[in-house]
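K.L.:
Contents are compact mmCIF, C-alpha atoms; file name model_4.txt:
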# COMPACT_ATOMS: atom_id res chain seq x y z
CA MET A 606 -37.61 199.07 166.33
CA THR A 607 -38.64 202.15 168.25
CA LEU A 608 -38.54 201.92 172.01
CA LEU A 609 -40.05 204.13 174.67
CA TYR A 610 -38.53 204.86 178.09
CA PRO A 611 -41.41 205.91 180.32
CA LEU A 612 -40.51 207.34 183.73
CA GLN A 613 -42.81 204.82 185.45
CA SER A 614 -40.17 202.16 184.83
CA LEU A 615 -37.89 204.00 187.26
CA ALA A 616 -40.23 203.27 190.19
CA ALA A 617 -38.41 199.99 190.82
CA HIS A 618 -35.18 201.79 191.66
CA PRO A 619 -34.10 202.83 195.16
CA ALA A 620 -34.67 206.36 196.39
CA ARG A 621 -31.41 208.23 195.96
CA LEU A 622 -31.65 209.40 199.55
CA SER A 623 -31.86 206.17 201.58
CA PRO A 624 -30.53 207.26 204.99
CA ASP A 625 -29.98 203.71 206.31
CA TYR A 626 -27.21 203.61 203.71
CA ARG A 627 -25.29 206.48 205.28
CA SER A 628 -23.22 207.54 202.30
CA THR A 629 -26.38 208.56 200.43
CA VAL A 630 -27.00 211.45 202.83
CA LYS A 631 -24.33 213.73 201.35
CA ARG A 632 -24.36 212.26 197.87
CA SER A 633 -27.98 212.69 196.83
CA PRO A 634 -29.40 215.91 195.36
CA GLN A 635 -31.77 217.95 197.52
CA LYS A 636 -33.28 219.98 194.71
CA PRO A 637 -35.91 218.38 192.49
CA LEU A 638 -34.72 216.68 189.32
CA ILE A 639 -35.98 218.45 186.21
CA PRO A 640 -38.17 216.43 183.85
CA MET A 641 -37.45 216.76 180.14
CA ARG A 642 -38.56 215.08 176.94
CA HIS A 643 -36.05 212.61 175.56
CA THR A 644 -34.06 213.73 172.53
CA LEU A 645 -31.62 211.74 170.41
CA SER A 646 -29.00 212.40 173.11
CA GLU A 647 -31.02 210.26 175.54
CA LEU A 648 -32.54 207.80 173.05
CA THR A 649 -29.29 206.64 171.48
CA GLY A 650 -26.39 205.00 173.25
CA PRO A 651 -23.07 203.30 172.76
CA VAL A 652 -23.44 200.11 170.75
CA TYR A 653 -19.81 199.14 170.96
CA GLY A 654 -17.24 198.29 173.60
CA HIS A 655 -17.57 194.58 172.94
CA GLU A 656 -14.65 194.75 170.51
CA THR A 657 -12.49 194.98 173.64
CA VAL A 658 -13.74 191.60 174.89
CA ARG A 659 -10.99 188.99 174.70
CA ALA A 660 -11.43 185.22 174.48
CA HIS A 661 -11.38 184.40 178.20
CA ASP A 662 -12.70 187.64 179.68
CA ASN A 663 -15.93 185.87 180.70
CA ASP A 664 -14.07 183.14 182.59
CA LEU A 665 -12.62 184.63 185.78
CA THR A 666 -11.10 181.27 186.74
CA VAL A 667 -8.54 181.17 183.91
CA GLN A 668 -7.17 184.71 183.96
CA ALA A 669 -4.13 183.90 186.12
CA LYS A 670 -1.45 181.23 186.16
CA GLY A 671 -3.37 179.02 188.54
CA GLU A 672 -6.99 178.47 189.52
CA PRO A 673 -8.54 180.77 192.10
CA LEU A 674 -9.67 179.30 195.41
CA GLY A 675 -13.34 179.08 196.20
CA GLU A 676 -16.52 177.58 194.86
CA ARG A 677 -16.52 177.61 191.05
CA ILE A 678 -19.87 178.77 189.65
CA ILE A 679 -21.54 179.49 186.32
CA VAL A 680 -23.60 182.71 186.14
CA HIS A 681 -25.72 183.10 183.05
CA GLY A 682 -28.95 184.60 181.82
CA HIS A 683 -30.41 187.05 179.35
CA VAL A 684 -30.24 190.80 179.06
CA LEU A 685 -33.85 191.73 178.31
CA ASP A 686 -35.93 194.80 177.64
CA GLU A 687 -39.19 195.45 179.46
CA ASP A 688 -41.13 193.46 176.86
CA GLY A 689 -38.94 190.41 177.45
CA ARG A 690 -37.02 190.72 174.20
CA GLY A 691 -33.34 189.85 174.36
CA VAL A 692 -30.96 192.80 174.07
CA PRO A 693 -28.42 191.52 171.54
CA ASN A 694 -24.69 192.22 171.33
CA THR A 695 -24.56 194.43 174.39
CA LEU A 696 -21.57 194.72 176.66
CA VAL A 697 -21.93 193.10 180.10
CA GLU A 698 -19.22 193.94 182.65
CA LEU A 699 -18.88 192.52 186.15
CA TRP A 700 -16.61 192.85 189.14
CA GLN A 701 -16.65 191.12 192.50
CA ALA A 702 -14.83 190.17 195.69
CA ASN A 703 -12.95 186.88 195.93
CA ALA A 704 -14.15 183.80 197.82
CA CYS A 705 -12.97 185.34 201.10
CA GLY A 706 -14.89 188.56 200.59
CA ARG A 707 -11.85 190.64 199.64
CA TYR A 708 -11.55 192.95 196.63
CA ILE A 709 -8.19 193.59 194.99
CA HIS A 710 -8.97 197.33 195.10
CA VAL A 711 -6.25 199.10 197.12
CA VAL A 712 -8.85 200.79 199.31
CA ASP A 713 -10.25 197.45 200.55
CA GLN A 714 -8.54 196.73 203.88
CA HIS A 715 -10.76 193.86 205.02
CA PRO A 716 -8.33 191.47 206.80
CA ALA A 717 -9.09 188.52 204.55
CA PRO A 718 -6.55 187.12 202.10
CA LEU A 719 -6.17 188.23 198.52
CA ASP A 720 -6.01 185.45 195.96
CA PRO A 721 -3.09 185.83 193.54
CA ASN A 722 -5.10 183.88 190.98
CA PHE A 723 -8.22 186.03 191.11
CA THR A 724 -8.70 189.57 189.86
CA GLY A 725 -12.49 189.62 190.00
CA ALA A 726 -13.15 191.53 186.78
CA GLY A 727 -14.89 190.14 183.72
CA ARG A 728 -16.73 191.20 180.62
CA THR A 729 -18.64 189.61 177.80
CA GLN A 730 -21.05 190.45 175.03
CA SER A 731 -24.60 189.17 174.93
CA ASP A 732 -25.32 187.03 171.86
CA ASP A 733 -27.96 187.72 169.23
CA LYS A 734 -30.69 186.63 171.67
CA GLY A 735 -29.36 188.60 174.61
CA TYR A 736 -27.81 185.56 176.31
CA TYR A 737 -24.62 185.93 178.35
CA LYS A 738 -22.52 183.56 180.46
CA PHE A 739 -19.70 183.91 182.97
CA ILE A 740 -17.63 181.39 184.89
CA THR A 741 -16.34 182.68 188.20
CA ILE A 742 -16.12 181.79 191.86
CA LYS A 743 -18.75 182.54 194.46
CA PRO A 744 -17.82 185.79 196.24
CA GLY A 745 -17.75 185.91 200.02
CA ALA A 746 -19.68 188.24 202.32
CA TYR A 747 -17.62 191.06 203.78
CA PRO A 748 -17.90 193.66 206.55
CA TRP A 749 -18.28 197.38 205.93
CA GLY A 750 -18.45 200.47 208.08
CA ASN A 751 -22.04 201.56 207.58
CA HIS A 752 -23.19 200.52 211.07
CA HIS A 753 -22.20 198.17 213.87
CA ASN A 754 -21.61 194.62 212.60
CA ALA A 755 -22.56 195.55 209.04
CA TRP A 756 -21.95 192.84 206.43
CA ARG A 757 -22.75 192.92 202.74
CA PRO A 758 -24.54 189.85 201.43
CA ALA A 759 -22.46 188.07 198.77
CA HIS A 760 -22.97 189.85 195.47
CA ILE A 761 -21.56 190.39 191.99
CA HIS A 762 -21.61 193.90 190.49
CA PHE A 763 -23.02 194.13 186.96
CA SER A 764 -22.77 196.99 184.47
CA VAL A 765 -24.97 196.88 181.35
CA PHE A 766 -25.85 199.34 178.55
CA GLY A 767 -28.86 198.35 176.45
CA HIS A 768 -30.31 200.39 173.59
CA ALA A 769 -30.09 203.95 174.93
CA PHE A 770 -28.12 206.16 177.28
CA VAL A 771 -31.18 206.15 179.55
CA SER A 772 -31.24 202.33 179.69
CA ARG A 773 -27.81 202.28 181.36
CA LEU A 774 -27.86 200.08 184.47
CA VAL A 775 -25.40 199.29 187.22
CA THR A 776 -26.72 196.75 189.70
CA GLN A 777 -25.72 193.91 192.01
CA MET A 778 -26.64 190.24 191.68
CA TYR A 779 -27.33 188.42 194.93
CA PHE A 780 -27.54 184.70 195.76
CA PRO A 781 -30.75 182.99 196.85
CA GLY A 782 -31.46 182.56 200.54
CA ASP A 783 -28.72 184.82 201.87
CA PRO A 784 -29.22 185.26 205.66
CA LEU A 785 -27.84 188.82 205.43
CA PHE A 786 -30.71 190.13 203.28
CA PRO A 787 -32.80 191.53 206.17
CA PHE A 788 -29.86 193.54 207.50
CA ASP A 789 -28.41 195.09 204.34
CA PRO A 790 -29.47 198.70 203.69
CA ILE A 791 -28.26 198.60 200.08
CA PHE A 792 -30.35 195.56 199.18
CA ASN A 793 -33.30 196.97 201.15
CA SER A 794 -33.03 200.39 199.53
CA VAL A 795 -35.26 198.72 196.94
CA THR A 796 -38.47 198.90 198.92
CA ASP A 797 -40.71 196.69 196.77
CA ALA A 798 -40.25 192.97 197.53
CA LYS A 799 -40.94 191.89 193.95
CA ALA A 800 -38.39 194.37 192.66
CA ARG A 801 -35.84 193.15 195.23
CA SER A 802 -36.40 189.59 194.05
CA ARG A 803 -35.30 190.63 190.57
CA MET A 804 -31.80 191.25 191.97
CA ILE A 805 -31.56 187.69 193.32
CA SER A 806 -30.23 184.99 191.02
CA SER A 807 -31.92 181.60 191.02
CA PHE A 808 -30.16 178.29 191.50
CA ASP A 809 -30.16 176.50 188.14
CA LEU A 810 -29.82 172.75 188.59
CA ASP A 811 -30.50 172.03 184.91
CA ASN A 812 -27.39 173.95 183.90
CA THR A 813 -25.26 172.90 186.85
CA LYS A 814 -22.34 171.00 185.37
CA PRO A 815 -21.92 167.59 187.07
CA ASP A 816 -18.68 167.17 188.98
CA TRP A 817 -17.64 170.72 188.08
CA ALA A 818 -19.73 173.79 189.04
CA LEU A 819 -23.08 174.98 190.38
CA CYS A 820 -25.05 177.29 188.11
CA TYR A 821 -27.03 180.43 188.88
CA ARG A 822 -29.38 182.22 186.49
CA PHE A 823 -29.66 186.00 186.48
CA ASP A 824 -31.78 187.83 183.93
CA ILE A 825 -31.16 191.56 183.70
CA VAL A 826 -34.13 193.67 182.63
CA LEU A 827 -33.33 197.09 181.16
CA ARG A 828 -35.60 200.02 180.42
CA GLY A 829 -37.18 200.10 177.00
CA ARG A 830 -40.52 198.92 175.72
CA ASN A 831 -42.14 198.72 172.33
CA ALA A 832 -43.64 202.01 171.20
CA THR A 833 -46.56 200.11 169.64
CA PRO A 834 -47.29 197.18 171.94
CA MET A 835 -49.13 194.21 170.50
CA GLU A 836 -52.38 193.03 172.05
CA THR A 837 -51.71 190.58 174.84
CA LYS A 838 -54.07 187.85 175.96
CA MET B 733 -40.92 186.10 171.93
CA SER B 734 -39.05 183.49 173.92
CA ASN B 735 -39.15 185.10 177.35
CA PRO B 736 -42.15 185.87 179.54
CA ARG B 737 -42.81 189.57 179.98
CA PRO B 738 -40.77 190.75 182.98
CA ASP B 739 -42.66 192.38 185.85
CA GLY B 740 -40.30 195.35 185.83
CA VAL B 741 -36.74 196.47 185.33
CA THR B 742 -33.86 195.19 187.42
CA PRO B 743 -33.36 197.75 190.20
CA SER B 744 -30.21 199.83 190.27
CA GLN B 745 -27.59 199.43 193.01
CA THR B 746 -24.54 201.51 193.80
CA VAL B 747 -21.23 200.94 191.99
CA GLY B 748 -19.71 200.96 195.47
CA PRO B 749 -16.15 201.94 196.30
CA TYR B 750 -14.34 199.13 194.45
CA PHE B 751 -15.30 199.46 190.78
CA LYS B 752 -11.95 200.87 189.63
CA TYR B 753 -10.17 197.61 188.84
CA GLY B 754 -13.11 196.46 186.70
CA LEU B 755 -14.43 199.65 185.07
CA THR B 756 -11.67 202.28 185.13
CA PRO B 757 -8.37 200.39 185.68
CA ASN B 758 -6.39 202.89 183.58
CA GLY B 759 -3.14 200.93 183.94
CA GLU B 760 -3.34 200.66 187.73
CA TYR B 761 -4.74 197.14 187.67
CA ASP B 762 -4.10 194.13 185.46
CA TRP B 763 -7.21 194.58 183.35
CA ASN B 764 -7.85 196.40 180.08
CA ASP B 765 -10.20 199.36 179.79
CA ALA B 766 -13.33 198.88 177.68
CA PHE B 767 -13.62 202.67 177.52
CA THR B 768 -11.32 205.52 178.44
CA ASN B 769 -11.56 209.27 178.95
CA ASN B 770 -9.99 209.90 175.54
CA LEU B 771 -12.59 209.82 172.77
CA LEU B 772 -10.20 211.06 170.09
CA THR B 773 -8.79 209.01 167.25
CA PRO B 774 -6.23 210.32 164.76
CA ASP B 775 -8.93 210.90 162.13
CA THR B 776 -11.56 212.44 164.43
CA SER B 777 -12.77 215.65 162.83
CA GLY B 778 -13.99 218.66 164.77
CA GLU B 779 -12.73 221.07 167.39
CA ARG B 780 -10.65 219.15 169.91
CA ILE B 781 -11.45 220.08 173.47
CA ARG B 782 -10.68 218.97 177.00
CA ILE B 783 -13.35 219.00 179.69
CA GLU B 784 -12.07 218.83 183.24
CA GLY B 785 -13.46 219.38 186.69
CA LYS B 786 -14.02 217.98 190.14
CA VAL B 787 -16.93 216.23 191.81
CA TYR B 788 -18.14 217.39 195.25
CA ASP B 789 -20.51 216.06 197.89
CA GLY B 790 -22.93 217.98 200.11
CA ASP B 791 -20.16 219.02 202.51
CA GLY B 792 -18.13 220.45 199.65
CA ALA B 793 -15.68 217.55 200.01
CA VAL B 794 -14.22 216.11 196.81
CA ILE B 795 -15.36 212.64 195.77
CA PRO B 796 -12.36 210.46 194.94
CA ASP B 797 -14.40 207.38 194.00
CA CYS B 798 -16.72 208.71 191.33
CA MET B 799 -17.21 207.43 187.79
CA LEU B 800 -18.41 209.72 185.01
CA GLU B 801 -19.67 208.60 181.63
CA ILE B 802 -20.31 210.87 178.65
CA TRP B 803 -22.26 210.31 175.45
CA GLN B 804 -22.24 212.78 172.61
CA ALA B 805 -22.69 213.39 168.91
CA ASP B 806 -19.80 213.91 166.53
CA ALA B 807 -18.87 217.31 165.08
CA GLN B 808 -21.66 216.95 162.49
CA GLY B 809 -24.23 216.24 165.20
CA ARG B 810 -24.52 212.56 164.44
CA PHE B 811 -24.57 209.76 167.01
CA SER B 812 -22.57 206.59 166.43
CA ASP B 813 -25.67 204.45 166.81
CA PRO B 814 -27.78 202.98 163.98
CA GLN B 815 -30.88 204.30 165.79
CA ASP B 816 -29.78 207.75 164.62
CA THR B 817 -31.13 207.40 161.08
CA ARG B 818 -30.54 210.96 159.89
CA ALA B 819 -28.68 211.17 156.61
CA LEU B 820 -25.46 212.64 157.89
CA PRO B 821 -21.90 211.62 157.06
CA ASN B 822 -20.50 208.72 159.04
CA SER B 823 -17.40 209.30 161.06
CA SER B 824 -15.24 206.98 163.12
CA PHE B 825 -16.00 208.99 166.26
CA LYS B 826 -17.72 206.75 168.82
CA GLY B 827 -18.92 209.36 171.27
CA PHE B 828 -18.75 207.45 174.57
CA GLY B 829 -16.21 208.02 177.32
CA ARG B 830 -15.68 206.87 180.88
CA ALA B 831 -13.48 208.42 183.57
CA GLY B 832 -12.86 207.85 187.25
CA THR B 833 -12.05 210.69 189.60
CA ASP B 834 -8.63 210.75 191.23
CA LYS B 835 -7.74 211.40 194.88
CA SER B 836 -8.44 215.10 194.41
CA GLY B 837 -11.88 214.39 192.97
CA ALA B 838 -10.73 215.44 189.51
CA TYR B 839 -11.67 213.98 186.13
CA ALA B 840 -11.00 214.94 182.52
CA PHE B 841 -12.21 213.98 179.05
CA ASP B 842 -10.45 214.60 175.76
CA THR B 843 -13.05 214.85 173.04
CA ILE B 844 -14.49 217.16 170.39
CA LYS B 845 -17.14 219.84 170.57
CA PRO B 846 -20.32 218.06 169.46
CA GLY B 847 -22.45 219.34 166.59
CA VAL B 848 -26.11 220.29 166.69
CA VAL B 849 -28.71 217.62 167.53
CA PRO B 850 -32.47 218.18 167.19
CA ASP B 851 -34.71 218.35 170.27
CA ALA B 852 -37.97 216.44 170.72
CA ASP B 853 -39.75 218.88 168.38
CA GLY B 854 -37.00 218.80 165.76
CA LYS B 855 -35.59 222.21 166.68
CA PRO B 856 -31.82 222.55 167.01
CA GLN B 857 -30.35 222.14 170.47
CA ALA B 858 -27.21 223.91 171.57
CA PRO B 859 -24.13 221.67 171.50
CA HIS B 860 -24.15 219.52 174.63
CA ILE B 861 -22.80 216.29 176.08
CA ALA B 862 -24.92 213.88 178.12
CA LEU B 863 -23.29 212.98 181.44
CA ALA B 864 -24.04 210.16 183.87
CA VAL B 865 -22.53 210.23 187.38
CA PHE B 866 -21.96 207.12 189.51
CA ALA B 867 -20.40 206.73 192.97
CA ARG B 868 -20.46 204.94 196.28
CA GLY B 869 -23.42 206.41 198.13
CA MET B 870 -25.38 206.76 194.88
CA LEU B 871 -27.91 203.96 194.57
CA LEU B 872 -28.95 205.20 191.14
CA HIS B 873 -26.76 207.26 188.85
CA LEU B 874 -27.64 210.85 187.97
CA TYR B 875 -28.06 212.40 184.52
CA THR B 876 -27.06 215.88 183.56
CA ARG B 877 -25.76 217.75 180.52
CA ILE B 878 -22.62 219.69 179.75
CA TYR B 879 -23.19 222.85 177.68
CA PHE B 880 -20.49 225.35 176.62
CA ASP B 881 -20.24 228.99 177.61
CA ASP B 882 -19.14 230.15 174.15
CA GLU B 883 -22.19 228.84 172.28
CA ALA B 884 -24.79 231.39 171.16
CA GLY B 885 -27.30 228.55 170.76
CA ASN B 886 -27.63 228.21 174.55
CA ALA B 887 -30.14 231.07 174.57
CA GLY B 888 -32.59 229.13 172.38
CA ASP B 889 -32.04 225.64 173.78
CA SER B 890 -35.33 224.03 174.81
CA VAL B 891 -33.79 221.89 177.57
CA LEU B 892 -31.84 224.74 179.17
CA ALA B 893 -35.09 226.73 179.07
CA LEU B 894 -36.63 224.18 181.47
CA VAL B 895 -34.03 225.06 184.09
CA PRO B 896 -34.60 228.00 186.46
CA ALA B 897 -32.39 230.84 185.26
CA ASP B 898 -30.45 231.03 188.53
CA ARG B 899 -29.39 227.37 188.23
CA ARG B 900 -28.52 227.26 184.53
CA ALA B 901 -24.87 228.12 185.15
CA THR B 902 -24.38 224.71 186.80
CA LEU B 903 -24.82 223.12 183.34
CA ILE B 904 -22.42 225.34 181.42
CA ALA B 905 -18.75 224.47 181.07
CA LYS B 906 -16.52 227.52 181.17
CA LYS B 907 -13.65 228.00 178.78
CA ALA B 908 -10.42 228.35 180.71
CA GLY B 909 -7.95 230.50 178.81
CA ALA B 910 -7.04 230.29 175.16
CA ALA B 911 -6.50 226.55 174.99
CA SER B 912 -9.61 224.53 174.22
CA THR B 913 -10.12 223.48 177.81
CA TYR B 914 -13.45 223.79 179.58
CA THR B 915 -14.10 223.48 183.30
CA PHE B 916 -17.19 221.63 184.52
CA ASP B 917 -17.56 220.80 188.21
CA VAL B 918 -20.30 218.53 189.54
CA HIS B 919 -21.92 219.25 192.92
CA LEU B 920 -24.14 216.37 194.03
CA GLN B 921 -25.68 218.56 196.72
CA GLY B 922 -25.40 221.99 198.34
CA ASP B 923 -25.73 225.63 197.36
CA ASN B 924 -24.20 225.02 193.94
CA GLU B 925 -26.01 221.73 193.40
CA THR B 926 -25.76 220.73 189.75
CA VAL B 927 -29.04 220.51 187.89
CA PHE B 928 -29.91 216.87 187.27
CA PHE B 929 -32.60 215.68 184.90
CA ASP B 930 -35.36 213.18 185.51
CA VAL B 931 -35.04 211.13 182.34
For this file, write the structure as structure tokens.

P.N.:
Amino acid sequence: MTLLYPLQSLAAHPARLSPDYRSTVKRSPQKPLIPMRHTLSELTGPVYGHETVRAHDNDLTVQAKGEPLGERIIVHGHVLDEDGRGVPNTLVELWQANACGRYIHVVDQHPAPLDPNFTGAGRTQSDDKGYYKFITIKPGAYPWGNHHNAWRPAHIHFSVFGHAFVSRLVTQMYFPGDPLFPFDPIFNSVTDAKARSRMISSFDLDNTKPDWALCYRFDIVLRGRNATPMETK
Amino acid sequence: MSNPRPDGVTPSQTVGPYFKYGLTPNGEYDWNDAFTNNLLTPDTSGERIRIEGKVYDGDGAVIPDCMLEIWQADAQGRFSDPQDTRALPNSSFKGFGRAGTDKSGAYAFDTIKPGVVPDADGKPQAPHIALAVFARGMLLHLYTRIYFDDEAGNAGDSVLALVPADRRATLIAKKAGAASTYTFDVHLQGDNETVFFDV
């Protein structure tokens, strides 16, 4: 299979300089990026990493001696390319705050409790159809210093590879209906509403496990489309 | 095809300030590393090198919460990816590394000097390493390349030729002394802004 990575696909991404998110002001280049034709260095990518995945790395509720506090959830979906094909056997990594909105990272000083039974890191490998699944707890919203009364909507960070170095993606998964959406400059750095909606998981009642956990579905679409597309109706 | 055609890619978002315990724990958190900054295995062939440097923002301040990822060919110029179908010898070298910067903004990779990889027209490129840079304040990572100052092939490299001559030095790692250590700093902004590629 030969895939193409046209630059038009990048239009969905945020502008690197998005001044409402203050940290971008000194961390975005001011000189124009230089276009170049892709070579093997861009068109290949790591197809490993999943050998490091251990049996329970995709279940963040069983990594400690006891169960973490908070609302247990299932997060699942497919890693897809731009043609909707599953990206098989690719590493999916995630990290997140605990139910109180606190990260275990030493830099996080939000005065909310840490949970001794929750690290907040997970990884898995998509299956041969691109499907992945995590069990975790719903992260809390948390304040940050970007502006007065700034709060991040609840989110889970995702890191995914795909078929090429240029399909690499780091993103954040949000939860449907979050009242903080209109006020978050990171979420709104994606200016197209349809593109923003692709970062929001959907509530999945069919896969909610009775008496146990709500389920959310989150498909992750990576760059890469067929070099010779078939006719579509 | 089991899935409807998506209406676009999932947009990128910043890694934020708290990725370390998930992506680059390096023994500081109770989590194993999927990737490290050491690409070498005992049987890796090729010239062993270290690449080290610091990452700076537009004020010239070091960035202590940056993640760098590299992707490169082995010493024979072959990528550890079945999509590289050239008939070259297989090696156990994987070619991908990940490093976080420390409090002084510094990072390092232990790897090998890559071999020669063809460009889009099939002509040889100078040895280079693809580099992706992620950080808080970066909504979308940046791509650049690390070249080496002791490679004659730089003069004929078709990608370096796209770069204005007065900015090319930002892409070239400099050998520091006799040991096989190269220095490569990344400036996200400012007078010495690193050249980034729109790929």

K.L.:
I need the residue nearest chain B from this list: A:Ile679, A:Leu827, A:Ala660, A:Ile740. Use all atoms listed in the file for the distance.

P.N.:
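Of the candidates, the smallest distance to chain B is held by A:Leu827.
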
K.L.:
Between CA of His762 (chain A) and CA of Asn694 (chain A), measure the distance and give it in Å to one decimal.

P.N.:
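Separation of CA of His762 (chain A) and CA of Asn694 (chain A): 19.5 Å.
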
K.L.:
For a test of reading the model, state the distance in Å between CA of Tyr761 (chain B) and CA of Ser744 (chain B), rounded to one decimal.

P.N.:
25.7 Å

K.L.:
To one decimal place, how far is CA of Arg801 (chain A) from CA of His643 (chain A) in Å?

P.N.:
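Atom-to-atom, CA of Arg801 (chain A) and CA of His643 (chain A) are spaced 27.7 Å apart.
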
K.L.:
Counting only C-alpha atoms, which residues of chain B come no farther than 6 Å from chain A, as a PyMOL selection string?

P.N.:
chain B and resi 735-738+741-745+750+754+766+789-790+851-852+869-871+920-921+928-930

K.L.:
Go ahead and save the residues from that selection, with C-alpha atoms, as a CSV table (one decimal), in the coordinates of the input.

P.N.:
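And here's result_33.csv as it stands now:
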chain,number,residue,atom,x,y,z
B,735,ASN,CA,-39.2,185.1,177.4
B,736,PRO,CA,-42.2,185.9,179.5
B,737,ARG,CA,-42.8,189.6,180.0
B,738,PRO,CA,-40.8,190.8,183.0
B,741,VAL,CA,-36.7,196.5,185.3
B,742,THR,CA,-33.9,195.2,187.4
B,743,PRO,CA,-33.4,197.8,190.2
B,744,SER,CA,-30.2,199.8,190.3
B,745,GLN,CA,-27.6,199.4,193.0
B,750,TYR,CA,-14.3,199.1,194.4
B,754,GLY,CA,-13.1,196.5,186.7
B,766,ALA,CA,-13.3,198.9,177.7
B,789,ASP,CA,-20.5,216.1,197.9
B,790,GLY,CA,-22.9,218.0,200.1
B,851,ASP,CA,-34.7,218.4,170.3
B,852,ALA,CA,-38.0,216.4,170.7
B,869,GLY,CA,-23.4,206.4,198.1
B,870,MET,CA,-25.4,206.8,194.9
B,871,LEU,CA,-27.9,204.0,194.6
B,920,LEU,CA,-24.1,216.4,194.0
B,921,GLN,CA,-25.7,218.6,196.7
B,928,PHE,CA,-29.9,216.9,187.3
B,929,PHE,CA,-32.6,215.7,184.9
B,930,ASP,CA,-35.4,213.2,185.5

K.L.:
For Gly809 (chain B), work out the shell of residues within 7 Å, counting all atoms listed in the file and skipping chain neighbours fewer than 6 positions away, then give it as number ranges by chain.

P.N.:
B: 846-849

K.L.:
May I have the residues within 9 Å of Asp834 (chain B) as a list in words, using only C-alpha atoms and disregarding those fewer than 3 positions away in the same chain?

P.N.:
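Counting only the stated atoms, we get Ile795, Pro796, Asp797, Cys798, Gly837, Ala838 and Tyr839 of chain B.
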
K.L.:
Excluding same-chain residues fewer than 5 positions from Ala819 (chain B), what lies within 12 Å of it counting all atoms listed in the file, as a PDB file with C-alpha atoms, in the frame of the given file?

P.N.:
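Wrote selection_4.pdb, looks like this:
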ATOM      1  CA  GLN B 808     -21.660 216.950 162.490  1.00  0.00           C
ATOM      2  CA  GLY B 809     -24.230 216.240 165.200  1.00  0.00           C
ATOM      3  CA  ARG B 810     -24.520 212.560 164.440  1.00  0.00           C
ATOM      4  CA  PHE B 811     -24.570 209.760 167.010  1.00  0.00           C
ATOM      5  CA  PRO B 814     -27.780 202.980 163.980  1.00  0.00           C
TER       6      PRO B 814
END
